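Notes follow the structure.
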Amino acid sequence: MLKNSKNNWQLKTFSVLALVYFLIFTAAFSALAEELTADQIINRRDENEYIITAYSESEMIIKNSGRTQTKEMRSWQDEENALAEFTNPRDRGTRFLKRGDDLWMFFPQAEDLVKISGHMLEQGMMGSDFSYQDMLESDKLTDLYDFKIIGEEEYEGRPAYKLEGVKVPGKEVSYYRRVIWIDQERFVGLKEDLYAESGRLLKEVNVLEVKEIDSRWYPTHVIMENKLRQNTSTEFIVKEIEFNAEIDEDMFTLERLR
Amino acid sequence: MEFEKIEIKINRSAAIILGSVLILAAAILISSPSAEAIDIGGKASFINYLTYSDSEFENDFASEVELELFLPSDSAVSLENRAVITIDESSEEEKVDLWFKKLYLRQKIGEITAKFGRQPISWSYGALINPVDYSLGAENLDQEGRAKFVDAVELYYPVNWGTGVTFITSDLEGESDNKWALRGRTTLRGYDLSASYVKTPSSTKNGDLDRFGMTAKGDLGPVGLYGAFGLWENNTIDYDIYQIGADYSYNFLSGSQLYLQGEYLAIKGVEREFSGFDFLDVDQEENNSENDTNDSFNESSKLEFINTNLSYDIDDFSAVGLMTVTYLGDGSTLFIPNYSYLFSSNLLLEVRGSLAAGSEDEVLGGDAKALELSLSYTF
């Protein structure tokens, strides 16, 4: 009986030690695994947000000094091209096609199909704070910016990595510098500050809602504020999105734009 | 109390066509059950025209409703339509006018996309004045001028994503033969290029009008560039047309934008008098009369114009702009200021003026001034 008691005690001690050892080992391994580089963090975010092909329906709410205009659109995208069509009454039938760095627009009233000059890409799309470049930029961020981790912060209750990206020389981008907060668990963007080369803060993007769709976290409600103008903002709401959608071969053609 | 009887005349054939469209749309809906419903949309406008000419001031009002049936995207037939109902009390003809901007069927036939019916034909490439468009005429200068909407058959054959060939044939009022055109369009190294040929039959002594045209549009650094070359020939005219233009936009850090555009347009070979933009109306028999003499046009003259457009987006809801057309021969200029204000997503106020600067005998001169105010609601 005494021998059995001694064996039970040894067994319990061994079990407790094994459990403690396991917990220590797991914590250490986790710490090692989560020490990601800036590029790794951005790439994991791109795995969520970068689009190979997609079909989406979305809404833009443009606000300025108490006035509001709402635009609705549906779009098809692949890695290099995008076709979007506006469906709200005032812009219904207006379409644009992006192929590489070129933009064409279709105006339904006279059924004009016009190539848009490159300098117009910096313009706000249909009057919004999102430029055509913002909306249609399809390159991966790691190709356009050099990123580094500048801290970890909590944003809206979510632990986040804080990264800074500076434009890669020679690349055509809308903003010289970006500071991004990325959710540490979901690897989705939570906030982004966009700067000019002078250091001036141009725009601030806040993610109001993210959803898990097809096993990826995706920002579905975003608000962009132009920091150089008071009382203006543009909200972008993704109402529906289908990743890896089957897209017709002739989708990104001038014929389809007509 | 007696109410003044308002005379209403509606084009009978247009009314029949509208009724047929409604019946056809209903048939499509019934035969092609779809999760999408038929939707009706359009625009209602109230327009005020103020004109001052020959020391007389006139103030006219008009109302306009545009209606469009949006059929389900997966319906068996693709029918594009847009009807316009105009109520114009000042009109000397019909007070209530019903016409169609669009009423055509679109059908894919093998590789070719065909359109049959009333449709807009517009070959825009960004120029302020387009001398190589399918339809000519001063009326056609208006982006949505009625002359753009023709009864036609269009066949489009795509060669690749950015290249295609278009054949168009349309009826021509007063002529037994159809007008027709062939146009090719392609993209080369980022430049949008087109070449076209238009044959306009004419039973007058001027003979058929042949028009060849080429356009190019692209970027040179931060500046957009475009150009056109055209040849117009019939029994009495032989015009060479050259155009070159550029556009540029400057984005202020605050988010507003300034847009600048300027173009040079030259027409060589004009041998008659003209005023305003009627040099575009080449088929007017009286304009090509052999008895027409003008000392300043003893030799073939070159008409030269400088056209500019300046537009400033004040904010996301309002914009102001000024377009000018200057005839270099006498310096006369037409100023076209414009302003727009968006009250909400669908309620828009537009103001457009027209002011001629030049004496009465100058091409773009005169004392005529006009102002058009339009309040429109899109639904």
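The chains in the structure tokens are called A, B, ... from first to last as shown; in each chain the residues are counted from 1, and the ligands are counted from 1 in the order shown.
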At a cut-off of 7 Å, can you tabulate as a tab-separated table every residue of chain B near chain A together with its closest atom pair and the distance in Å to one decimal, using only C-alpha atoms and ordering rows by chain then number?
```
residue	atom	partner	partner_atom	distance
B:Pro120	CA	A:Ala110	CA	5.4
B:Ser122	CA	A:Asp112	CA	5.9
B:Trp123	CA	A:Asp112	CA	6.7
B:Ser124	CA	A:Asp112	CA	6.0
B:Tyr125	CA	A:Val114	CA	5.6
B:Gly126	CA	A:Val114	CA	6.8
B:Glu144	CA	A:Ala110	CA	6.3
B:Pro158	CA	A:Glu255	CA	7.0
B:Trp161	CA	A:Thr253	CA	4.4
B:Gly162	CA	A:Leu254	CA	5.6
B:Asp192	CA	A:Lys115	CA	6.9
B:Gly218	CA	A:Ser117	CA	6.7
B:Asp219	CA	A:Ser117	CA	6.2
B:Pro222	CA	A:His119	CA	5.7
B:Val223	CA	A:His119	CA	6.8
B:Gly224	CA	A:Ser117	CA	5.1
B:Tyr248	CA	A:His119	CA	6.8
B:Ser249	CA	A:His119	CA	6.3
B:Leu253	CA	A:Leu228	CA	6.6
B:Ser254	CA	A:Leu228	CA	4.6
B:Asp316	CA	A:Gly127	CA	5.0
B:Ser344	CA	A:Gln69	CA	5.6
B:Ser345	CA	A:Gln69	CA	4.2
B:Asn346	CA	A:Arg90	CA	5.9
B:Thr378	CA	A:Arg90	CA	5.5
B:Phe379	CA	A:Pro89	CA	5.3
```
Polymer residues at most 9 Å from Val153 (chain B), only C-alpha atoms, same-chain spacing of 4 or more positions, as number ranges by chain: B: 114-119, 167-170
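The nearest approach to Arg177 (chain A) among the residues A:Thr37, A:Tyr145, A:Glu153, A:Leu208, with only C-alpha atoms taken into account, belongs to A:Tyr145.
One finds CA of Lys171 (chain A) at 27.9 Å from CA of Glu152 (chain A).
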Strand (DSSP E or B) residues, from DSSP on the backbone, in region 3-242 of chain A, as a VMD selection string: chain A and resid 53 to 64 67 to 78 81 to 86 95 to 99 102 to 107 112 to 116 124 131 145 to 155 158 to 167 177 to 183 189 to 195 201 to 213 216 to 226 232 to 242
Between CA of Lys179 (chain B) and CA of Asp208 (chain B) - distance in Å to one decimal: 9.6 Å
Who sits within 6 Å of Asp238 (chain B), only C-alpha atoms, same chain under 3 positions skipped, as JSON, numbers by chain: {"B": [232, 233, 269]}
Contacts of region 183-186 of chain A within 9 Å, only C-alpha atoms, excl. fewer than 4 positions in-chain, as a ChimeraX atom specification: /A:34,41,45,48,152,154-155,158-161,190,216-217
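Closest approach to Glu209 (chain A) from the set A:Asn231, A:Gln77, A:Glu156, A:Tyr176 is made by A:Glu156, with distances taken over only C-alpha atoms.
Separating CA of Tyr312 (chain B) from CA of Leu328 (chain B) is a distance of 26.2 Å.
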Selection: 7 Å around Ile180 (chain A), only C-alpha atoms, excl. self and same-chain fewer than 2 positions, as an mmCIF file with C-alpha atoms, in the first residue's frame:
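After the write, result00.cif holds the following:
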```
data_model
loop_
_atom_site.group_PDB
_atom_site.id
_atom_site.type_symbol
_atom_site.label_atom_id
_atom_site.label_comp_id
_atom_site.auth_asym_id
_atom_site.auth_seq_id
_atom_site.Cartn_x
_atom_site.Cartn_y
_atom_site.Cartn_z
ATOM 1 C CA LYS A 162 2.368 48.926 -36.781
ATOM 2 C CA LEU A 163 4.361 49.085 -40.008
ATOM 3 C CA GLU A 164 5.809 51.859 -42.097
ATOM 4 C CA ARG A 178 2.157 54.589 -45.573
ATOM 5 C CA ILE A 182 -2.400 45.151 -39.136
ATOM 6 C CA GLY A 189 -5.565 45.987 -42.176
ATOM 7 C CA LYS A 191 -5.989 51.522 -40.119
ATOM 8 C CA GLU A 192 -3.764 53.266 -42.605
ATOM 9 C CA ASP A 193 -2.231 56.742 -42.724
#
```
Surrounding residues of Arg74 (chain A) excluding itself and chain neighbours under 6 positions, 12 Å, only C-alpha atoms, as a PDB file with C-alpha atoms, in the first residue's frame:
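Saved to part19.pdb:
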```pdb
ATOM      1  CA  ALA A  54     -13.154  38.453 -57.677  1.00  0.00           C
ATOM      2  CA  TYR A  55     -16.643  39.731 -58.316  1.00  0.00           C
ATOM      3  CA  SER A  56     -17.992  42.276 -55.895  1.00  0.00           C
ATOM      4  CA  GLU A  57     -20.905  44.617 -55.309  1.00  0.00           C
ATOM      5  CA  SER A  58     -20.177  47.691 -53.278  1.00  0.00           C
ATOM      6  CA  GLU A  59     -21.339  51.106 -52.242  1.00  0.00           C
ATOM      7  CA  MET A  60     -19.540  54.428 -51.826  1.00  0.00           C
ATOM      8  CA  ALA A  82     -10.641  45.535 -63.506  1.00  0.00           C
ATOM      9  CA  LEU A  83     -14.036  46.318 -64.975  1.00  0.00           C
ATOM     10  CA  ALA A  84     -16.542  48.280 -62.927  1.00  0.00           C
ATOM     11  CA  GLU A  85     -20.068  49.419 -63.660  1.00  0.00           C
ATOM     12  CA  PHE A  86     -22.042  51.953 -61.661  1.00  0.00           C
ATOM     13  CA  THR A  87     -25.625  50.977 -60.813  1.00  0.00           C
ATOM     14  CA  ASN A  88     -26.955  53.985 -58.859  1.00  0.00           C
ATOM     15  CA  ARG A  92     -26.154  53.980 -64.069  1.00  0.00           C
ATOM     16  CA  GLY A  93     -24.412  52.387 -67.003  1.00  0.00           C
ATOM     17  CA  THR A  94     -21.146  54.310 -66.597  1.00  0.00           C
ATOM     18  CA  ARG A  95     -18.332  51.817 -66.789  1.00  0.00           C
ATOM     19  CA  PHE A  96     -14.605  51.893 -66.601  1.00  0.00           C
ATOM     20  CA  ILE A 237     -18.848  49.212 -48.179  1.00  0.00           C
ATOM     21  CA  VAL A 238     -18.452  45.800 -49.766  1.00  0.00           C
ATOM     22  CA  LYS A 239     -21.933  44.323 -49.846  1.00  0.00           C
ATOM     23  CA  GLU A 240     -20.996  41.121 -51.571  1.00  0.00           C
ATOM     24  CA  ILE A 241     -17.737  39.594 -52.730  1.00  0.00           C
ATOM     25  CA  GLU A 242     -16.893  36.322 -54.381  1.00  0.00           C
TER      26      GLU A 242
END
```
Exercise: Gly170 (chain A) partners within 12 Å, only C-alpha atoms, chain neighbours under 3 positions left out, as a compact mmCIF listing (two decimals) with N, CA and C atoms, in the first residue's frame:
```txt
# COMPACT_ATOMS: atom_id res chain seq x y z
N ASP A 143 5.68 44.90 -53.43
CA ASP A 143 6.35 45.26 -54.68
C ASP A 143 6.51 46.76 -54.82
N LEU A 144 5.70 47.50 -54.12
CA LEU A 144 5.68 48.96 -54.28
C LEU A 144 6.37 49.70 -53.13
N TYR A 145 6.41 49.09 -51.96
CA TYR A 145 6.94 49.77 -50.78
C TYR A 145 7.96 48.90 -50.06
N VAL A 166 7.77 52.81 -47.22
CA VAL A 166 8.23 53.94 -48.03
C VAL A 166 8.33 53.47 -49.48
N LYS A 167 7.94 54.33 -50.39
CA LYS A 167 7.89 54.00 -51.81
C LYS A 167 9.23 53.46 -52.31
N VAL A 173 3.32 55.22 -57.47
CA VAL A 173 2.34 55.02 -56.41
C VAL A 173 1.66 56.34 -56.09
N TYR A 176 3.61 58.55 -50.97
CA TYR A 176 5.04 58.29 -50.78
C TYR A 176 5.28 57.37 -49.60
```
